[in-house]
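Undergrad: Take a look at the following structure, please.
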Protein chains: 2
Amino acid sequence: MDHEEFRRRGHQLIDWIADYRATVAKRPVMARTEPGSIRAQLPSAPPAGPEPFDDILADLDRIIVPGLSHWQHPSFFGYFPSNGTPASVLGDFASTGLGVLGLAWQSSPALTELEEVVCDWLRQMIGLDTAWQGVIQDTASTSTLVALICARERASHFSLARGGLQGEASPFIVYTTRHSHSSVEKAALLAGFGRENVRVVAHDGAYAMRADALAEAIAADRARGAVPCAVVATTGTTTTTAIDPLKAVGAVAARERVWLHVDAAMAGSAMVLPECRWMWDGIESADSVVLNPHKWLGAAFDCSVYYVRDAAHLVRVMSTNPSYLRTAADEAVKNYRDWGIPLGRRFRALKLWFLIREAGVEGLQTRLRRDLENAQWLAREIDAAPGWRVLAPVPLQTLCVRHEPEGLAGEALDRHTLAWVDRMNQSGAAYLTAATLDDRWMCRVSIGAIATEHAHVEALWKGMNNAVETGD
Amino acid sequence: MDHEEFRRRGHQLIDWIADYRATVAKRPVMARTEPGSIRAQLPSAPPAGPEPFDDILADLDRIIVPGLSHWQHPSFFGYFPSNGTPASVLGDFASTGLGVLGLAWQSSPALTELEEVVCDWLRQMIGLDTAWQGVIQDTASTSTLVALICARERASHFSLARGGLQGEASPFIVYTTRHSHSSVEKAALLAGFGRENVRVVAHDGAYAMRADALAEAIAADRARGAVPCAVVATTGTTTTTAIDPLKAVGAVAARERVWLHVDAAMAGSAMVLPECRWMWDGIESADSVVLNPHKWLGAAFDCSVYYVRDAAHLVRVMSTNPSYLRTAADEAVKNYRDWGIPLGRRFRALKLWFLIREAGVEGLQTRLRRDLENAQWLAREIDAAPGWRVLAPVPLQTLCVRHEPEGLAGEALDRHTLAWVDRMNQSGAAYLTAATLDDRWMCRVSIGAIATEHAHVEALWKGMNNAVETGD
């Protein structure tokens, strides 16, 4: 495909994408696909010769799109909003089109320096002080793994330069709650801590970490000779958007010289709103924070920003310096390869830059407030409706909801919940996530897809009422 | 930005990218940018209100592009080819435009099933048997980290479910050579092995691992009570594209029950050519292999494919299963979140699918053979030229070259080498990478950018001769 053919096909694809976005609301939100049915429509062997581009596009329409759940749909209320705003999508196109890589600063200086600038813009937008420096990672899972490895190396005085974690006499301990994201335990296991050394700290009635329970757990570990290493606190947990009390948790962490990592993957976007900053009061006592502009804020996936207060420590843990990556400029510049796991890096700063510039900070704030208001409206409606219950505080845009008909409890209630959520999802009218809270199934409603206006939330509420009525 | 504005701006951006690609040959290949000069041109604070899209595009031209090294330039001979072929770029655009995520199969079934299919297409293309199953990761660095964690967990009988690596009595050992990629040692350190437990196995005169030295190192470790855990062998090392002898290495690994991971990040693309498959003869004895279609093959970055023979082991190491990710389909499908570190996943299979279909296997083979022939041509020219030397075998598309004027040796020769390579890079006519081999600087010429035709290699050779003559 030469440049002119690329141009022609590119225009065709832009129209295809614009049409998809403009009409996605007419599609069922959740894919109603049988396992294996997409695979069965695709050839089992690659083509020997070239295929017409029109055939590829036709297969997108015929095979791929019907097999998707549509995250950009206005009635997508599942998981979390993953907003690929149009401006950000274009920023990502520019990145892929340029096809440049960041291995060293020299391998594309603007890639590194724009990343420095936009990470610092975002730092200002969320109200962190100037001590924080950011880097774009793919996801919060990776950022949290990096954080726990950095904590491990600080506590062990760089065991990686000696015998590794296996050379250490006393076990290092990681603290978190049952409500932290699944990636926290995964990161601890991948980093070599072992499940026996992950402490589940008690939470309060609002599902937030109890700082007193953290202090007790640390004391108990110290008493038996273990080494408290890291606390992972969450600003906006996945299930209920619970807010761990960073001020109190941070005080314990500081006193105990334990690394504090804050997972604000979802709720970090809300910190762009000054009225939400109370949620991470105490953040300045943390060692690392992750937030995902690829969620609610609107940067096309993947764009997770990892902030640290001690960048030199991060670089010391992550750095490699083979001759083929060395350049004369190295002393004067950042080499982001030493700020994370991958060596090769896309020009991901572009999509964040396009997003922030096209909307402006106030434009982003307006959209976030729209979603918070929609969530509060729905919470009020549900509170007022007989048989329905909001199960946890709603500080952000996620509601935990259950329909509890009289006389239903226990497993029968679980069956009812799973049934109506499934009916809703199968209907194609909206996409919700069933999850457990206090060991009972309930329904998460996550509001904030870019296309979701108040009318869509009203329609959802109507649909939820229909779904419970059309009975089991 | 609404859908129609996206359409209009999208067309504008397509033209911008097509023009960039069509004219990139006229730009200096390597950025001639002072550290901090891009940052200095950008506002230090984010804009409060929206900015016109035309201003963003204008800044791309005015600030960003002049600060890039151009990886898609026909005279890019640095690092490795990172080919974002036009068809693959369009596949990536489709992915970003759709904006769907793979968390669970249900969260977008086609995303998972197309990945299964294209990974299997690629498996067939590179001649692996049907026991191998693949998954797309971001980079080989990440894939190798995953491999070493899997090796650690196999050797330790799932220490992650107990006290982790820190609960183990005998140290686990990783074996590789001085010529393996920097990411191998980095992965071993991040996985907790510790530098003292990374063995540098001796290599032969062609920079390939000596299987006898590997066997000796393993025996020595066993004798002192350590546990040999993993060997990382390379098919096509970074510096010289040396070929570790997989048959002999694999025999040792099998006998010693040690995990064999093969890093074919760069050279894996060549396995699409049957005449190159001798290079990884013995690959079937490996436990894991990584190759990067985002390098020479032409998939837009990032697209690294990680193959394993025991997928169940990988899933057991990587799996998490919180309630909010569970769906009724889970038993019948793949959930790729359990095949790597990140939970959220882009629809990266699309760019590989577009690439393979648009070119066909034969089209890809033709391009790879073009590059191999160009490398052989240049090797012959250099061999025949007085004062020039090819320093290592050239099985693939990378040459290690030195200009050795009579009477120059040691550090004086190093200065000469670094000077002419720098002159070449500063001239803008080509981009080469200086690297050390046997502790002396030399020049790597990596051929295989998609736009690089024979004439560009001829021009490079002329330019190299000029660069050494315009002297120190």
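Every chain in the structure tokens has a letter given in the order shown (A, B, ...), and although residue numbers restart at 1 in each chain, ligands are simply numbered from 1 in the order shown.
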Can you list, as a PyMOL selection string, every protein, DNA or RNA residue that comes within 10 Å of segment 380-397 of chain B when you count only C-alpha atoms, leaving out same-chain residues fewer than 2 positions away?
TA: chain B and resi 80-81+205-207+236+239-243+266-267+270+276+279+296+368-378+399-406+437+442-448+458+461+465
Undergrad: Next, dump the selected residues to file, keeping only C-alpha atoms, as a compact mmCIF listing (two decimals), in the first residue's frame.
TA:
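As a result, again.txt now contains:
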# COMPACT_ATOMS: atom_id res chain seq x y z
CA PHE B 80 15.98 -2.01 14.55
CA PRO B 81 13.30 -1.53 11.91
CA GLY B 205 33.50 -16.54 18.44
CA ALA B 206 30.22 -15.79 16.67
CA TYR B 207 28.74 -14.39 19.92
CA GLY B 236 19.25 -12.94 16.63
CA THR B 239 24.14 -6.25 18.79
CA THR B 240 25.16 -8.78 16.12
CA THR B 241 22.05 -10.94 15.45
CA ALA B 242 23.97 -13.92 16.81
CA ILE B 243 22.10 -17.21 16.80
CA MET B 266 13.83 -9.13 16.10
CA ALA B 267 14.69 -12.30 14.15
CA ALA B 270 12.60 -13.93 9.53
CA CYS B 276 15.77 -19.01 7.70
CA MET B 279 18.26 -20.41 12.84
CA TRP B 296 10.75 -5.89 11.00
CA LEU B 368 11.95 -9.66 4.16
CA ARG B 369 14.03 -11.18 1.35
CA ARG B 370 14.65 -7.75 -0.13
CA ASP B 371 16.17 -6.66 3.18
CA LEU B 372 18.29 -9.79 3.57
CA GLU B 373 19.67 -9.27 0.06
CA ASN B 374 20.45 -5.62 0.80
CA ALA B 375 22.34 -6.68 3.91
CA GLN B 376 24.34 -9.28 1.97
CA TRP B 377 25.14 -6.74 -0.73
CA LEU B 378 26.44 -4.26 1.84
CA LEU B 399 25.80 -5.56 10.12
CA CYS B 400 28.45 -4.78 12.69
CA VAL B 401 30.96 -2.61 10.93
CA ARG B 402 34.14 -0.77 11.71
CA HIS B 403 36.36 1.50 9.71
CA GLU B 404 39.89 0.74 10.85
CA PRO B 405 42.44 3.12 9.35
CA GLU B 406 46.00 1.87 9.52
CA LEU B 437 31.45 -5.30 20.64
CA MET B 442 31.66 -0.16 16.29
CA CYS B 443 28.70 0.73 14.11
CA ARG B 444 25.52 -1.27 13.76
CA VAL B 445 23.72 -0.98 10.43
CA SER B 446 20.19 -2.32 10.80
CA ILE B 447 18.50 -2.65 7.42
CA GLY B 448 14.80 -3.21 6.95
CA GLU B 458 23.91 2.19 -1.80
CA TRP B 461 27.51 3.07 1.84
CA ASN B 465 32.76 6.46 3.06
Undergrad: Taking the backbone alone, and naming residues the way the document does, which bits of segment 258-441 of chain B are alpha helix (DSSP H) by DSSP, as a VMD selection string?
TA: chain B and resid 311 to 318 349 to 384 410 to 427
Undergrad: Could you list, as an MDAnalysis selection string, every residue of chain B that has an atom within 6 Å of an atom of chain A, counting only C-alpha atoms?
TA: chainID B and resid 3 6:7 10:11 14 17:18 22 39 45:51 64 67:69 71 84 86 97 99:100 107:110 113 121 141:142 160:166 189 191:196 323:324 342 357:362 435:436
Undergrad: In Å, with one decimal, what is the gap from atom CA of Ser156 of chain A to atom CA of Cys229 of chain A?
TA: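 Interatomic distance here is 8.9 Å.
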Undergrad: Taking only C-alpha atoms into account, name the residue in B:Leu460, B:Ile173, B:Ala312, B:Leu408 that is nearest to Ala429 of chain B.
TA: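 Closest to Ala429 of chain B, using only C-alpha atoms: B:Leu460.
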